[in-house]
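Accompanying notes for the structure given below.
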Amino acid sequence: RIEQEVEQLNELISQLLTLSRLNSQQLHPARSDFDLLTIVEAVVADADFESQERGCKVRLIRGQPSVVNAVEPLLRSAIENVLRNAIAYTARGTAVEVEVTQRGDTAEPQAVVSVRDQGPGVPEEHLPAIFEPFRRVEAARDRGRGGVGLGLAIAARAVAVHGGTIRASNASKGG
């Protein structure tokens, strides 16, 4: 039990340090060009394996090659954090759906990664705050779900460092 608590504390400290470095502009290694779809495919495969424990799946339902100039580990981390959150709240026997597309017809199109879980959704009044550190929807504050509300904050900051945006919205039938 103590070992498990120490591991959770280490993870929390690691997440806090990552968020602190992102906020203080200290964690910005060199950017490189890579296909975001390749990264998403790898993260989806890992997440699908992890999701088996929760009785759900993670599927890439649409993938469009999208070369980006970014810090690969930061974007990978952002995608992993969003997928882990989606897995935690999706209903058993369903699948988290992931899409990679491009938007814009300009010289620099934008890559778009969409993630849809099959859970109950988030109350509308909480949506603007879920990407803030330590923010969790009241019903999700039990320790049984894990996490302390840093994963989405780290994802938001990692995306912002790249000049992007991240948002959440409820689907009409939940999720």
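Lettering and numbering for the structure tokens are positional, with chains as A, B, ... in the shown order, residues counted from 1 in each chain, and ligands counted from 1 in the shown order.
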Give me the region 43-71 of chain A side of the contact with region 110-118 of chain A, cut-off 12 Å, one line per residue showing its nearest atom pair and distance in Å at one decimal, counting only C-alpha atoms, sorted by chain and residue number, as JSON lines.
```
{"residue": "A:Val44", "atom": "CA", "partner": "A:Val115", "partner_atom": "CA", "distance": 10.5}
{"residue": "A:Ser51", "atom": "CA", "partner": "A:Asp117", "partner_atom": "CA", "distance": 11.9}
{"residue": "A:Cys56", "atom": "CA", "partner": "A:Gln118", "partner_atom": "CA", "distance": 9.6}
{"residue": "A:Lys57", "atom": "CA", "partner": "A:Asp117", "partner_atom": "CA", "distance": 10.0}
{"residue": "A:Val58", "atom": "CA", "partner": "A:Asp117", "partner_atom": "CA", "distance": 9.0}
{"residue": "A:Arg59", "atom": "CA", "partner": "A:Val115", "partner_atom": "CA", "distance": 9.7}
{"residue": "A:Leu60", "atom": "CA", "partner": "A:Val115", "partner_atom": "CA", "distance": 9.3}
{"residue": "A:Ile61", "atom": "CA", "partner": "A:Val115", "partner_atom": "CA", "distance": 10.1}
{"residue": "A:Arg62", "atom": "CA", "partner": "A:Ser114", "partner_atom": "CA", "distance": 9.7}
{"residue": "A:Gly63", "atom": "CA", "partner": "A:Val113", "partner_atom": "CA", "distance": 9.2}
{"residue": "A:Gln64", "atom": "CA", "partner": "A:Ala111", "partner_atom": "CA", "distance": 9.1}
{"residue": "A:Pro65", "atom": "CA", "partner": "A:Ala111", "partner_atom": "CA", "distance": 9.0}
{"residue": "A:Ser66", "atom": "CA", "partner": "A:Ala111", "partner_atom": "CA", "distance": 6.1}
{"residue": "A:Val67", "atom": "CA", "partner": "A:Ala111", "partner_atom": "CA", "distance": 8.0}
{"residue": "A:Val68", "atom": "CA", "partner": "A:Ala111", "partner_atom": "CA", "distance": 7.4}
{"residue": "A:Asn69", "atom": "CA", "partner": "A:Ala111", "partner_atom": "CA", "distance": 10.6}
{"residue": "A:Ala70", "atom": "CA", "partner": "A:Ala111", "partner_atom": "CA", "distance": 11.4}
```
**Study point:** Contacts of region 147-161 of chain A within 7 Å, only C-alpha atoms, excl. fewer than 4 positions in-chain, as a list in words
**Key:**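 The filter keeps Gln15, Leu19, Leu22, Leu74, Leu75, Ser77, Ala78, Asn81, Val82, Ile130, Phe131, Glu132, Pro133, Phe134, Arg135, Arg136, Thr165 and Ile166 of chain A.
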File dump, residues just selected, N, CA and C atoms, as a PDB file, in the first residue's frame:
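Written file, again_36.pdb:
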```
ATOM      1  N   GLN A  15       4.005  15.536 -12.595  1.00  0.00           N
ATOM      2  CA  GLN A  15       3.037  16.354 -13.327  1.00  0.00           C
ATOM      3  C   GLN A  15       3.132  17.823 -12.926  1.00  0.00           C
ATOM      4  N   LEU A  19       4.054  20.891 -15.480  1.00  0.00           N
ATOM      5  CA  LEU A  19       3.196  22.058 -15.625  1.00  0.00           C
ATOM      6  C   LEU A  19       3.948  23.338 -15.269  1.00  0.00           C
ATOM      7  N   LEU A  22       6.324  24.196 -18.115  1.00  0.00           N
ATOM      8  CA  LEU A  22       5.580  24.702 -19.265  1.00  0.00           C
ATOM      9  C   LEU A  22       5.125  26.143 -19.034  1.00  0.00           C
ATOM     10  N   LEU A  74       6.060  16.745 -26.227  1.00  0.00           N
ATOM     11  CA  LEU A  74       5.007  17.572 -25.621  1.00  0.00           C
ATOM     12  C   LEU A  74       3.648  17.274 -26.238  1.00  0.00           C
ATOM     13  N   LEU A  75       3.597  17.168 -27.562  1.00  0.00           N
ATOM     14  CA  LEU A  75       2.316  16.858 -28.196  1.00  0.00           C
ATOM     15  C   LEU A  75       1.869  15.440 -27.878  1.00  0.00           C
ATOM     16  N   SER A  77       2.466  13.843 -25.129  1.00  0.00           N
ATOM     17  CA  SER A  77       1.961  13.914 -23.762  1.00  0.00           C
ATOM     18  C   SER A  77       0.555  14.512 -23.719  1.00  0.00           C
ATOM     19  N   ALA A  78       0.334  15.562 -24.500  1.00  0.00           N
ATOM     20  CA  ALA A  78      -0.987  16.187 -24.530  1.00  0.00           C
ATOM     21  C   ALA A  78      -2.042  15.191 -25.005  1.00  0.00           C
ATOM     22  N   ASN A  81      -2.684  12.482 -22.366  1.00  0.00           N
ATOM     23  CA  ASN A  81      -3.487  12.966 -21.240  1.00  0.00           C
ATOM     24  C   ASN A  81      -4.962  13.071 -21.601  1.00  0.00           C
ATOM     25  N   VAL A  82      -5.268  13.562 -22.791  1.00  0.00           N
ATOM     26  CA  VAL A  82      -6.668  13.672 -23.205  1.00  0.00           C
ATOM     27  C   VAL A  82      -7.276  12.280 -23.368  1.00  0.00           C
ATOM     28  N   ILE A 130     -12.247  22.919 -17.155  1.00  0.00           N
ATOM     29  CA  ILE A 130     -11.634  21.589 -17.012  1.00  0.00           C
ATOM     30  C   ILE A 130     -10.168  21.541 -17.431  1.00  0.00           C
ATOM     31  N   PHE A 131      -9.681  22.570 -18.109  1.00  0.00           N
ATOM     32  CA  PHE A 131      -8.274  22.601 -18.492  1.00  0.00           C
ATOM     33  C   PHE A 131      -7.426  23.402 -17.508  1.00  0.00           C
ATOM     34  N   GLU A 132      -7.998  23.796 -16.387  1.00  0.00           N
ATOM     35  CA  GLU A 132      -7.262  24.493 -15.337  1.00  0.00           C
ATOM     36  C   GLU A 132      -6.703  23.463 -14.354  1.00  0.00           C
ATOM     37  N   PRO A 133      -5.517  23.738 -13.789  1.00  0.00           N
ATOM     38  CA  PRO A 133      -4.924  22.790 -12.840  1.00  0.00           C
ATOM     39  C   PRO A 133      -5.847  22.502 -11.653  1.00  0.00           C
ATOM     40  N   PHE A 134      -5.911  21.237 -11.271  1.00  0.00           N
ATOM     41  CA  PHE A 134      -6.656  20.737 -10.115  1.00  0.00           C
ATOM     42  C   PHE A 134      -8.166  20.892 -10.245  1.00  0.00           C
ATOM     43  N   ARG A 135      -8.665  21.190 -11.420  1.00  0.00           N
ATOM     44  CA  ARG A 135     -10.105  21.323 -11.618  1.00  0.00           C
ATOM     45  C   ARG A 135     -10.677  19.989 -12.032  1.00  0.00           C
ATOM     46  N   ARG A 136     -11.658  19.539 -11.284  1.00  0.00           N
ATOM     47  CA  ARG A 136     -12.362  18.313 -11.613  1.00  0.00           C
ATOM     48  C   ARG A 136     -13.836  18.551 -11.377  1.00  0.00           C
ATOM     49  N   THR A 165      -4.912  25.598 -29.822  1.00  0.00           N
ATOM     50  CA  THR A 165      -5.974  25.718 -28.835  1.00  0.00           C
ATOM     51  C   THR A 165      -6.530  24.341 -28.532  1.00  0.00           C
ATOM     52  N   ILE A 166      -7.121  24.232 -27.366  1.00  0.00           N
ATOM     53  CA  ILE A 166      -7.757  22.993 -26.944  1.00  0.00           C
ATOM     54  C   ILE A 166      -9.089  23.391 -26.333  1.00  0.00           C
TER      55      ILE A 166
END
```
Check your understanding: Between A:Pro73, A:Pro120, A:Gly164, A:Gly55, which has the minimum distance to Ile39 (chain A) (counting only C-alpha atoms)?
Key ->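 That would be A:Pro73, the residue with the smallest distance to Ile39 (chain A).
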Check your understanding: For Phe49 (chain A), which of A:His162, A:Arg76, A:Arg84, A:Arg1 is the closest residue, counting only C-alpha atoms?
Key -> A:Arg84
Review point. What gap, in Å, lies between CA of Val100 (chain A) and CA of Arg54 (chain A)?
Key: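 About the pair CA of Val100 (chain A) and CA of Arg54 (chain A): they are 24.1 Å apart.
Rounded to one decimal, CA of Lys173 (chain A) and CA of Glu80 (chain A) lie 24.1 Å from each other.
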Check your understanding: Between A:Ala129, A:Val71, A:Ala45, A:Val6, which one has atoms that come closest to Val96 (chain A), using only C-alpha atoms?
Key -> A:Ala45
Point to revise | In region 54-166 of chain A, DSSP helix (DSSP H, G or I) residues written as a VMD selection string | key: chain A and resid 54 72 to 89 124 to 129 138 to 140 143 to 145 151 to 161
Exercise for review: Using DSSP on the backbone coordinates, identify the residues of region 27-141 of chain A assigned to strand (DSSP E); present them as number ranges by chain.
Suggested key: A: 32-35, 57-63, 67-70, 95-103, 110-116
Study note, to complete from the structure: One residue among A:Glu72, A:Asp48, A:Glu7, A:Glu53 is nearest to Asp35 (chain A) when using only C-alpha atoms, and that residue is A:Glu72
